[in-house]
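Report on the structure given below.
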Amino acid sequence: MPYLTYEEYNQLGFADMEEAEFNKLLPKASDVLDSVTRFFYCENDLESDVPIRKEQFKKAVAAQVEYFHETGATTSYGMNEPSTVTIGRTTLSEGSRNSQTAPRNDLISEDVYFYLRDTGLLYRGL
């Protein structure tokens with residue numbers, strides 16, 4: 001379920017992109033946020049939730065859309081493409097991918113955790 005409109009995305013001040021690109025990335029970003037929050041908003045109404053948690057969640061969705069847009073991939077395979085390719089004597093490199101600075105999961109933007117960390121949506125207890 002998409003949780004954000006194109007207008008809201010722009011109002012939040014995230015990266016400029018065409019509406020068609022946004023609409024293409026939003027469903028996958030929404031699925032990622034459902035997984036991170038243990039499908040909280042599948043059982044609860046986002047629009048009637050506490051304003052600060054609703055706002056932070058929408059920012060997290062926007063950050064994930066932006067992340068997919070900037071990386072150019074929406075799958076774990078696409079995120080893990082090699083950073084260097086060598087064919088004969090020719091080497092193409094996009095830069096190093098240091099495992100010590102990589103996010104917990106390459107598919108999820110670190111910004112998502114930043115926006116959700118104080119909302120209770122990341123709670124994993126019983």
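Ordering of the structure tokens sets the chain letters (A, B, ...), residue numbers begin anew at 1 in every chain, and ligands are numbered from 1 in the order given.
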Please extract the residues of segment 1-120 of chain A with a backbone DSSP assignment of alpha helix (DSSP H) and present them as an MDAnalysis selection string. chainID A and resid 6:11 19:36 40:43 51:71 76:79 110:116
For the strand (DSSP E or B) assignment from backbone DSSP, which residues of chain A qualify? Please present them as a PyMOL selection string. chain A and resi 84-87+90-93
Between A:Gln56, A:Thr5, A:Ser30, A:Thr37, which residue has the minimum interatomic distance to Leu122 of chain A, considering only C-alpha atoms? A:Thr37
Find the residue from A:Ala73, A:Val50, A:Ala15, A:Met79 that sits nearest to Gly120 of chain A; use only C-alpha atoms when measuring.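 Answer, going by the shortest atom-to-atom distance: A:Val50.
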How far is it from atom CA of Asn23 of chain A to atom CA of Asp111 of chain A, in Å with one decimal? 20.1 Å
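Distances from A:Pro51, A:Pro27, A:Pro2, A:Gly125 to Phe68 of chain A were compared using only C-alpha atoms, and the smallest one belongs to A:Pro27.
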Excluding Ser35 of chain A and its own-chain neighbours fewer than 3 positions away, which residues fall within 12 Å of it when counting only C-alpha atoms? Please give them as a PyMOL selection string. chain A and resi 1+28-32+38-42+61+107-108+112+121-122
Residues within 12 Å of Lys54 of chain A, only C-alpha atoms, excluding chain neighbours under 5 positions, as a list in words: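 Contacts, with the query itself left out: Tyr3, Leu4, Phe40, Tyr41, Asn44, Asp45, Leu46, Glu47, Ser48, Asp49, Lys59, Ala60, Val61, Tyr115, Leu116, Thr119, Gly120 and Leu121 of chain A.
The smallest atom-to-atom distance between Glu110 of chain A and any of A:Ile87, A:Ala63, A:Leu92, A:Leu126, using only C-alpha atoms, is found for A:Ala63.
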One number please: atom CA of Leu25 of chain A to atom CA of Thr74 of chain A, in Å, one decimal. 7.7 Å
